[in-house]
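Taking it in order: structure first as structure tokens, then the write-up.
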Amino acid sequence: MTRFQTVEQVLAAVQARFRPEKAGDADVVGHLRVTGEGGGDWTLRIADGRLTIAPGEPHEPDAMRLEASREVFLALANGELDATKAYFSGKVHFKGNLRQVYRLMDLFRLERGD
């Protein structure tokens with residue numbers, strides 16, 4: 001199993017696992033903020049069956065937002081931390097429609113042991 005060392009590695013894996021055939025008419029904008037050294041802000045946009053990931057904050061005020069420290073984000077990506085526990089313990093901050101997040105998870109190939 002590959003262990004992610006950087007946020008950029010995680011984002012590259014997210015891009016590679018995107019399944020455009022499942023996207024349909026999805027039109028979603030997300031803001032990822034990772035704090036601490038090696039962190040930053042990224043805009044993730046799904047529209048027209050494509051996923052784009054770009055540095056910076058989105059302009060849309062209603063974009064879903066996820067914020068975590070670099071350590072927490074990498075622990076989540078590496079399967080070392082449960083997302084629900086991280087959210088309820090205050091390690092992850094989320095703003096947006098959780099129902100939509102579950103729908104979006106189907107757009108990515110997430111394989112066990114990957």
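Identifiers in this document derive from the order of the structure tokens: chains are assigned A, B, ..., residues are numbered from 1 separately in each chain, and ligands are numbered from 1 in order of occurrence.
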
If you take only C-alpha atoms and a cut-off of 9 Å, which residues of stretch 33-110 of chain A touch stretch 2-16 of chain A, and what are their nearest atom pairs and distances in Å to one decimal, in chain and number order, as a tab-separated table?
residue	atom	partner	partner_atom	distance
A:Val34	CA	A:Val7	CA	8.1
A:Gly38	CA	A:Thr6	CA	7.1
A:Gly39	CA	A:Val7	CA	6.9
A:Gly40	CA	A:Val7	CA	8.8
A:Leu51	CA	A:Gln15	CA	6.9
A:Thr52	CA	A:Gln15	CA	7.8
A:Ile53	CA	A:Leu11	CA	7.7
A:Arg70	CA	A:Val7	CA	7.4
A:Phe73	CA	A:Val7	CA	7.8
A:Leu74	CA	A:Phe4	CA	6.6
A:Ala75	CA	A:Phe4	CA	8.7
A:Ala77	CA	A:Val10	CA	6.8
A:Asn78	CA	A:Arg3	CA	6.0
A:Phe108	CA	A:Val14	CA	7.3
A:Arg109	CA	A:Ala16	CA	8.6

Give me, as JSON, numbers by chain, the residues of chain A that a backbone DSSP run labels strand (DSSP E or B). {"A": [18, 28, 29, 30, 31, 32, 33, 34, 35, 40, 41, 42, 43, 44, 45, 46, 47, 50, 51, 52, 53, 54, 55, 64, 65, 66, 67, 68, 69, 92, 93, 94, 95, 108]}

Could you take the residues named above and write them with N, CA and C atoms, as a JSON list (two decimals), in the first residue's frame?
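Listing of again-v2.json after writing:
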[["chain", "number", "residue", "atom", "x", "y", "z"],
["A", 18, "PHE", "N", -10.67, 9.51, -10.35],
["A", 18, "PHE", "CA", -11.95, 10.08, -10.77],
["A", 18, "PHE", "C", -12.55, 9.24, -11.89],
["A", 28, "VAL", "N", -20.23, 20.61, -8.99],
["A", 28, "VAL", "CA", -19.87, 20.79, -7.59],
["A", 28, "VAL", "C", -18.53, 21.51, -7.49],
["A", 29, "VAL", "N", -18.44, 22.41, -6.51],
["A", 29, "VAL", "CA", -17.18, 23.09, -6.24],
["A", 29, "VAL", "C", -16.84, 22.87, -4.78],
["A", 30, "GLY", "N", -15.58, 22.51, -4.53],
["A", 30, "GLY", "CA", -15.11, 22.30, -3.18],
["A", 30, "GLY", "C", -13.84, 23.08, -2.91],
["A", 31, "HIS", "N", -13.65, 23.41, -1.65],
["A", 31, "HIS", "CA", -12.46, 24.13, -1.21],
["A", 31, "HIS", "C", -11.77, 23.27, -0.16],
["A", 32, "LEU", "N", -10.54, 22.91, -0.43],
["A", 32, "LEU", "CA", -9.73, 22.16, 0.51],
["A", 32, "LEU", "C", -8.69, 23.11, 1.09],
["A", 33, "ARG", "N", -8.70, 23.25, 2.40],
["A", 33, "ARG", "CA", -7.68, 24.04, 3.09],
["A", 33, "ARG", "C", -6.92, 23.12, 4.03],
["A", 34, "VAL", "N", -5.63, 23.00, 3.78],
["A", 34, "VAL", "CA", -4.76, 22.20, 4.63],
["A", 34, "VAL", "C", -3.80, 23.17, 5.31],
["A", 35, "THR", "N", -3.83, 23.16, 6.63],
["A", 35, "THR", "CA", -3.02, 24.10, 7.39],
["A", 35, "THR", "C", -1.67, 23.50, 7.75],
["A", 40, "GLY", "N", -1.99, 24.36, 2.17],
["A", 40, "GLY", "CA", -2.40, 25.39, 1.23],
["A", 40, "GLY", "C", -3.88, 25.29, 0.96],
["A", 41, "ASP", "N", -4.31, 26.00, -0.07],
["A", 41, "ASP", "CA", -5.71, 26.00, -0.48],
["A", 41, "ASP", "C", -5.81, 25.47, -1.90],
["A", 42, "TRP", "N", -6.83, 24.63, -2.14],
["A", 42, "TRP", "CA", -7.08, 24.09, -3.47],
["A", 42, "TRP", "C", -8.57, 24.15, -3.77],
["A", 43, "THR", "N", -8.88, 24.38, -5.03],
["A", 43, "THR", "CA", -10.26, 24.32, -5.51],
["A", 43, "THR", "C", -10.43, 23.04, -6.30],
["A", 44, "LEU", "N", -11.44, 22.27, -5.95],
["A", 44, "LEU", "CA", -11.79, 21.05, -6.69],
["A", 44, "LEU", "C", -13.14, 21.31, -7.33],
["A", 45, "ARG", "N", -13.21, 21.09, -8.63],
["A", 45, "ARG", "CA", -14.43, 21.40, -9.37],
["A", 45, "ARG", "C", -14.80, 20.20, -10.24],
["A", 46, "ILE", "N", -16.05, 19.75, -10.10],
["A", 46, "ILE", "CA", -16.57, 18.71, -10.98],
["A", 46, "ILE", "C", -17.67, 19.35, -11.81],
["A", 47, "ALA", "N", -17.48, 19.33, -13.12],
["A", 47, "ALA", "CA", -18.46, 19.90, -14.05],
["A", 47, "ALA", "C", -18.20, 19.30, -15.43],
["A", 50, "ARG", "N", -15.90, 16.30, -15.79],
["A", 50, "ARG", "CA", -14.45, 16.42, -15.54],
["A", 50, "ARG", "C", -14.19, 16.91, -14.12],
["A", 51, "LEU", "N", -13.06, 16.51, -13.60],
["A", 51, "LEU", "CA", -12.58, 17.00, -12.32],
["A", 51, "LEU", "C", -11.36, 17.87, -12.57],
["A", 52, "THR", "N", -11.40, 19.08, -12.06],
["A", 52, "THR", "CA", -10.21, 19.93, -12.12],
["A", 52, "THR", "C", -9.82, 20.28, -10.69],
["A", 53, "ILE", "N", -8.53, 20.28, -10.46],
["A", 53, "ILE", "CA", -7.97, 20.63, -9.16],
["A", 53, "ILE", "C", -6.96, 21.74, -9.41],
["A", 54, "ALA", "N", -7.15, 22.87, -8.74],
["A", 54, "ALA", "CA", -6.25, 24.01, -8.95],
["A", 54, "ALA", "C", -5.91, 24.65, -7.62],
["A", 55, "PRO", "N", -4.71, 25.19, -7.50],
["A", 55, "PRO", "CA", -4.36, 25.89, -6.27],
["A", 55, "PRO", "C", -5.24, 27.13, -6.10],
["A", 64, "MET", "N", -18.46, 23.71, -1.06],
["A", 64, "MET", "CA", -18.20, 22.87, 0.11],
["A", 64, "MET", "C", -16.79, 23.19, 0.59],
["A", 65, "ARG", "N", -16.61, 23.16, 1.89],
["A", 65, "ARG", "CA", -15.29, 23.49, 2.43],
["A", 65, "ARG", "C", -14.84, 22.42, 3.44],
["A", 66, "LEU", "N", -13.59, 22.01, 3.29],
["A", 66, "LEU", "CA", -12.98, 21.04, 4.20],
["A", 66, "LEU", "C", -11.66, 21.63, 4.66],
["A", 67, "GLU", "N", -11.47, 21.65, 5.96],
["A", 67, "GLU", "CA", -10.22, 22.18, 6.52],
["A", 67, "GLU", "C", -9.67, 21.21, 7.56],
["A", 68, "ALA", "N", -8.37, 20.97, 7.46],
["A", 68, "ALA", "CA", -7.67, 20.10, 8.40],
["A", 68, "ALA", "C", -6.20, 20.44, 8.39],
["A", 69, "SER", "N", -5.51, 20.06, 9.43],
["A", 69, "SER", "CA", -4.06, 20.22, 9.44],
["A", 69, "SER", "C", -3.45, 19.22, 8.46],
["A", 92, "VAL", "N", -11.28, 17.97, 11.95],
["A", 92, "VAL", "CA", -11.65, 18.31, 10.58],
["A", 92, "VAL", "C", -12.86, 19.24, 10.66],
["A", 93, "HIS", "N", -12.82, 20.29, 9.87],
["A", 93, "HIS", "CA", -13.94, 21.23, 9.81],
["A", 93, "HIS", "C", -14.54, 21.13, 8.40],
["A", 94, "PHE", "N", -15.86, 20.97, 8.36],
["A", 94, "PHE", "CA", -16.56, 20.83, 7.09],
["A", 94, "PHE", "C", -17.75, 21.76, 7.05],
["A", 95, "LYS", "N", -17.95, 22.36, 5.88],
["A", 95, "LYS", "CA", -19.14, 23.19, 5.65],
["A", 95, "LYS", "C", -19.71, 22.77, 4.31],
["A", 108, "PHE", "N", -15.31, 8.19, -7.50],
["A", 108, "PHE", "CA", -13.89, 7.86, -7.39],
["A", 108, "PHE", "C", -13.71, 6.38, -7.17]]

Among stretch 13-97 of chain A, which residues does DSSP mark as alpha helix (DSSP H) when it is run on the backbone? Keep the chain and numbering as in the structure and answer as a count of residues only. 23

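If you look at atom CA of A:Ala23 and atom CA of A:Gly49, they are 5.2 Å away from each other.
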
Which residue out of A:Phe88, A:Arg17, A:Asp62, A:Glu71 has the minimum interatomic distance to A:Gly36 when only C-alpha atoms are used? A:Glu71
